[in-house]
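The structure under discussion appears below in the form of structure tokens.
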Amino acid sequence: MKDQEEEVHVSESPEDTRELGRELAKRLKPGDVVALEGGLGAGKTLFVQGLAAGLGTDPGIPVTSPSYTLVHEYPGPVPLFHLDFYRLTRKESVLELGVEEYFDGGGVSAVEWAEKFAELFGPETIWVKIERNAEERRRITISTIA
Ligand SMILES: Nc1ncnc2c1ncn2[C@@H]1O[C@H](COP(=O)(O)OP(=O)(O)OP(=O)(O)O)[C@@H](O)[C@H]1O
Ligand SMILES: [Mg+2]
């Protein structure tokens, strides 16, 4: 039986949130899936910007929200697949995106609004929950299986 581990962080600024993403990235390997939950404007995209920086993707290609395009791919030593379920309402559309191929692929996947289709995520998924406590303060809980 593996242990569930929960780390709670407090972010006081957008830069803190990016830094937490950068730190988490150091512990990731291809095939890892980071599922992000937290409402509109919580800071999910900022956290993914940190992941990209930590994975060493090209800093000349800025990480922007894939809300409309649904998925962005960032090449690098460990590629990043950035997905967003916000606009998706049917599980079939999510599967059509090819999520399974991304999750098994040779990179790290980061998914915004993951809780909408939580059943798609396996037990090894790293869940990142961002809660807005104040204008600039966020409580960020990272759950992993050790
Ligand atoms: N501590 C903080 N961490 C993250 N973002 C913060 C923080 N304080 C303020 N913000 C602001 O909150 C917003 C977060 O935006 P971001 O696009 O990352 O959110 P999101 O969760 O991806 O939203 P969406 O659901 O629309 O995709 C930014 O405008 C950012 O400046
Ligand atoms: Mg976003």
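Going through the structure tokens in order, the chains are called A, B, and so on, while each chain numbers its residues from 1 and the ligands are numbered from 1 in the order shown.
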
In range 3-138 of chain A, what's helix (DSSP H, G or I) per DSSP? Answer as a CSV table (one decimal) with C-alpha atoms, in the first residue's frame?
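Produced file selection_32.csv, reproduced below:
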```
chain,number,residue,atom,x,y,z
A,14,PRO,CA,2.0,35.2,-8.8
A,15,GLU,CA,5.8,34.7,-8.6
A,16,ASP,CA,5.4,32.4,-5.6
A,17,THR,CA,3.0,30.3,-7.5
A,18,ARG,CA,5.3,30.1,-10.5
A,19,GLU,CA,8.2,29.1,-8.2
A,20,LEU,CA,6.1,26.3,-6.7
A,21,GLY,CA,5.6,25.0,-10.2
A,22,ARG,CA,9.3,25.2,-10.9
A,23,GLU,CA,10.1,23.3,-7.8
A,24,LEU,CA,7.6,20.5,-8.5
A,25,ALA,CA,8.9,20.2,-12.1
A,44,LYS,CA,-3.4,27.3,-12.6
A,45,THR,CA,-1.9,28.7,-15.8
A,46,LEU,CA,0.8,30.5,-13.7
A,47,PHE,CA,1.6,27.3,-11.9
A,48,VAL,CA,2.0,25.6,-15.3
A,49,GLN,CA,4.3,28.4,-16.4
A,50,GLY,CA,6.5,27.4,-13.5
A,51,LEU,CA,6.4,23.8,-14.5
A,52,ALA,CA,7.5,24.7,-18.0
A,53,ALA,CA,10.4,26.7,-16.7
A,54,GLY,CA,11.4,23.9,-14.4
A,55,LEU,CA,11.3,21.3,-17.2
A,91,LYS,CA,-16.1,12.9,-21.8
A,92,GLU,CA,-16.0,11.8,-25.4
A,93,SER,CA,-14.6,15.1,-26.5
A,94,VAL,CA,-11.9,14.7,-23.9
A,95,LEU,CA,-11.0,11.3,-25.2
A,96,GLU,CA,-11.0,12.7,-28.7
A,99,VAL,CA,-5.6,12.5,-23.5
A,100,GLU,CA,-4.6,8.9,-23.0
A,101,GLU,CA,-1.8,9.3,-25.6
A,102,TYR,CA,-0.6,12.5,-23.8
A,103,PHE,CA,-0.7,10.8,-20.4
A,104,ASP,CA,1.3,7.8,-21.6
A,114,ALA,CA,-9.0,18.3,-14.2
A,115,GLU,CA,-11.7,17.8,-11.6
A,116,LYS,CA,-14.4,18.0,-14.3
A,117,PHE,CA,-13.3,14.6,-15.5
A,118,ALA,CA,-11.5,13.3,-12.4
A,119,GLU,CA,-12.3,9.7,-13.3
A,120,LEU,CA,-9.8,9.9,-16.2
```

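Those protein and nucleic acid residues that have any atom within 7 Å of ligand 2 are, using only C-alpha atoms and all ligand atoms, Gly41, Gly43, Lys44, Thr45, Ser65, Ser67 and Glu112 of chain A.
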
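Checking A:Val71, A:Phe85, A:Thr125, A:Arg139 one by one against Ala42 in chain A, counting only C-alpha atoms, you find the shortest gap at A:Arg139.
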
Problem set entry | Exercise: Val78 in chain A partners within 12 Å, only C-alpha atoms, chain neighbours under 2 positions left out, as JSON, numbers by chain | {"A": [25, 26, 27, 28, 29, 30, 31, 32, 51, 52, 53, 54, 55, 56, 57, 58, 73, 74, 75, 76, 80, 81, 105, 106, 107, 108, 109]}

Dump as a PDB file, in the first residue's frame, selection limited to C-alpha atoms:
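The result, written out as out.pdb:
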```
ATOM      1  CA  ALA A  25       8.931  20.173 -12.064  1.00  0.00           C
ATOM      2  CA  LYS A  26      12.297  19.096 -10.658  1.00  0.00           C
ATOM      3  CA  ARG A  27      10.620  15.978  -9.260  1.00  0.00           C
ATOM      4  CA  LEU A  28       8.759  15.058 -12.457  1.00  0.00           C
ATOM      5  CA  LYS A  29       9.594  12.567 -15.181  1.00  0.00           C
ATOM      6  CA  PRO A  30       8.069  11.737 -18.581  1.00  0.00           C
ATOM      7  CA  GLY A  31       4.646  10.140 -18.188  1.00  0.00           C
ATOM      8  CA  ASP A  32       3.790  12.092 -15.034  1.00  0.00           C
ATOM      9  CA  LEU A  51       6.370  23.768 -14.541  1.00  0.00           C
ATOM     10  CA  ALA A  52       7.539  24.717 -18.049  1.00  0.00           C
ATOM     11  CA  ALA A  53      10.434  26.739 -16.655  1.00  0.00           C
ATOM     12  CA  GLY A  54      11.443  23.879 -14.367  1.00  0.00           C
ATOM     13  CA  LEU A  55      11.258  21.316 -17.174  1.00  0.00           C
ATOM     14  CA  GLY A  56      13.486  23.496 -19.333  1.00  0.00           C
ATOM     15  CA  THR A  57      11.150  24.235 -22.239  1.00  0.00           C
ATOM     16  CA  ASP A  58      12.175  27.074 -24.571  1.00  0.00           C
ATOM     17  CA  GLU A  73       2.699  21.315 -26.634  1.00  0.00           C
ATOM     18  CA  TYR A  74       6.034  22.716 -25.495  1.00  0.00           C
ATOM     19  CA  PRO A  75       9.102  20.846 -26.714  1.00  0.00           C
ATOM     20  CA  GLY A  76      12.074  20.525 -24.398  1.00  0.00           C
ATOM     21  CA  LEU A  80       5.204  19.609 -21.591  1.00  0.00           C
ATOM     22  CA  PHE A  81       1.634  18.940 -22.728  1.00  0.00           C
ATOM     23  CA  GLY A 105       3.547   9.972 -23.789  1.00  0.00           C
ATOM     24  CA  GLY A 106       7.140  10.996 -23.507  1.00  0.00           C
ATOM     25  CA  GLY A 107       6.461  14.154 -21.571  1.00  0.00           C
ATOM     26  CA  VAL A 108       4.750  15.668 -18.543  1.00  0.00           C
ATOM     27  CA  SER A 109       1.038  16.458 -18.877  1.00  0.00           C
TER      28      SER A 109
END
```

Exercise. A:Glu131, A:Asp84, A:Glu124, A:Glu136: which is nearest ligand 1, counting only C-alpha atoms and all ligand atoms?
Worked result: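 Among the listed residues, the smallest separation from ligand 1 belongs to A:Glu136.
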
Exercise. Taking into account only C-alpha atoms and all ligand atoms, which residue in the set A:Val63, A:Val8, A:Ile126, A:Ile145 is nearest to ligand 1?
Worked result: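 Nearest to ligand 1: A:Val63.
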
Extract the full set of strand (DSSP E or B) residues from range 21-130 of chain A according to DSSP on the backbone, and format it as an mmCIF file with N, CA and C atoms, in the first residue's frame.
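Okay, part_25.cif is ready:
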```cif
data_model
loop_
_atom_site.group_PDB
_atom_site.id
_atom_site.type_symbol
_atom_site.label_atom_id
_atom_site.label_comp_id
_atom_site.auth_asym_id
_atom_site.auth_seq_id
_atom_site.Cartn_x
_atom_site.Cartn_y
_atom_site.Cartn_z
ATOM 1 N N VAL A 33 1.588 12.992 -14.667
ATOM 2 C CA VAL A 33 0.409 13.805 -14.969
ATOM 3 C C VAL A 33 0.109 14.702 -13.767
ATOM 4 N N VAL A 34 0.025 16.003 -14.031
ATOM 5 C CA VAL A 34 -0.299 16.972 -12.988
ATOM 6 C C VAL A 34 -1.713 17.484 -13.253
ATOM 7 N N ALA A 35 -2.630 17.194 -12.330
ATOM 8 C CA ALA A 35 -4.029 17.587 -12.480
ATOM 9 C C ALA A 35 -4.278 18.812 -11.610
ATOM 10 N N LEU A 36 -4.677 19.913 -12.244
ATOM 11 C CA LEU A 36 -4.856 21.163 -11.501
ATOM 12 C C LEU A 36 -6.325 21.470 -11.301
ATOM 13 N N GLU A 37 -6.676 21.803 -10.055
ATOM 14 C CA GLU A 37 -8.041 22.247 -9.792
ATOM 15 C C GLU A 37 -8.037 23.547 -9.009
ATOM 16 N N VAL A 71 -5.217 22.237 -26.100
ATOM 17 C CA VAL A 71 -3.912 21.664 -25.743
ATOM 18 C C VAL A 71 -2.778 22.433 -26.425
ATOM 19 N N HIS A 72 -1.741 22.683 -25.664
ATOM 20 C CA HIS A 72 -0.511 23.275 -26.192
ATOM 21 C C HIS A 72 0.634 22.320 -25.885
ATOM 22 N N GLU A 73 1.535 22.180 -26.847
ATOM 23 C CA GLU A 73 2.699 21.315 -26.634
ATOM 24 C C GLU A 73 3.956 22.165 -26.635
ATOM 25 N N TYR A 74 4.779 21.966 -25.610
ATOM 26 C CA TYR A 74 6.034 22.716 -25.495
ATOM 27 C C TYR A 74 7.191 21.724 -25.539
ATOM 28 N N LEU A 80 6.377 19.330 -22.422
ATOM 29 C CA LEU A 80 5.204 19.609 -21.591
ATOM 30 C C LEU A 80 3.962 19.641 -22.480
ATOM 31 N N PHE A 81 2.933 18.899 -22.064
ATOM 32 C CA PHE A 81 1.634 18.940 -22.728
ATOM 33 C C PHE A 81 0.677 19.644 -21.780
ATOM 34 N N HIS A 82 0.185 20.798 -22.195
ATOM 35 C CA HIS A 82 -0.664 21.624 -21.339
ATOM 36 C C HIS A 82 -2.096 21.551 -21.871
ATOM 37 N N LEU A 83 -2.968 20.933 -21.093
ATOM 38 C CA LEU A 83 -4.356 20.743 -21.524
ATOM 39 C C LEU A 83 -5.294 21.540 -20.629
ATOM 40 N N ASP A 84 -6.473 21.833 -21.161
ATOM 41 C CA ASP A 84 -7.457 22.587 -20.391
ATOM 42 C C ASP A 84 -8.850 22.026 -20.687
ATOM 43 N N VAL A 108 5.590 15.422 -19.712
ATOM 44 C CA VAL A 108 4.750 15.668 -18.543
ATOM 45 C C VAL A 108 3.452 16.313 -19.035
ATOM 46 N N SER A 109 2.316 15.843 -18.546
ATOM 47 C CA SER A 109 1.038 16.458 -18.877
ATOM 48 C C SER A 109 0.564 17.297 -17.696
ATOM 49 N N ALA A 110 0.050 18.499 -17.988
ATOM 50 C CA ALA A 110 -0.546 19.343 -16.955
ATOM 51 C C ALA A 110 -1.942 19.706 -17.442
ATOM 52 N N VAL A 111 -2.945 19.461 -16.601
ATOM 53 C CA VAL A 111 -4.328 19.604 -17.036
ATOM 54 C C VAL A 111 -5.084 20.572 -16.134
ATOM 55 N N GLU A 112 -5.572 21.673 -16.715
ATOM 56 C CA GLU A 112 -6.399 22.608 -15.952
ATOM 57 C C GLU A 112 -7.855 22.116 -15.948
ATOM 58 N N ILE A 126 -0.624 13.478 -9.848
ATOM 59 C CA ILE A 126 -0.271 14.494 -8.854
ATOM 60 C C ILE A 126 -1.355 15.574 -8.914
ATOM 61 N N TRP A 127 -2.107 15.693 -7.854
ATOM 62 C CA TRP A 127 -3.190 16.681 -7.827
ATOM 63 C C TRP A 127 -2.688 17.970 -7.195
ATOM 64 N N VAL A 128 -2.952 19.089 -7.863
ATOM 65 C CA VAL A 128 -2.570 20.402 -7.341
ATOM 66 C C VAL A 128 -3.857 21.213 -7.197
ATOM 67 N N LYS A 129 -4.189 21.516 -5.951
ATOM 68 C CA LYS A 129 -5.426 22.245 -5.687
ATOM 69 C C LYS A 129 -5.070 23.661 -5.259
ATOM 70 N N ILE A 130 -5.593 24.639 -5.967
ATOM 71 C CA ILE A 130 -5.284 26.038 -5.652
ATOM 72 C C ILE A 130 -6.546 26.721 -5.134
#
```

For this session: Work out how far atom 1 (N, counted along the ligand's line) of ligand 1 is from CA of Trp113 in chain A, in Å to one decimal.
Result: 18.0 Å

Exercise. Restricting the calculation to only C-alpha atoms and all ligand atoms, which member of A:Leu88, A:Ile61, A:Leu97, A:Ala134 is positioned closest to ligand 1?
Worked result: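 Nearest to ligand 1: A:Ala134.
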
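You can rank A:Glu7, A:Pro123, A:Arg132, A:Thr141 by their closest distance to ligand 1 using only C-alpha atoms and all ligand atoms, and at the top of that list sits A:Arg132.
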
Exercise. What is the CA of Leu40 in chain A to CA of Pro62 in chain A distance in Å?
Worked result: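 That distance, rounded to one decimal, is 20.2 Å.
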
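Taking atom 28 (C, counted along the ligand's line) of ligand 1 as the reference point, CA of Glu135 in chain A is found at 9.7 Å.
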
Problem set entry | Residue nearest Arg137 in chain A - candidates A:Ser11, A:Phe121, A:Glu5, A:Thr69, atoms counted: only C-alpha atoms |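 Answer, going by the shortest atom-to-atom distance: A:Ser11.
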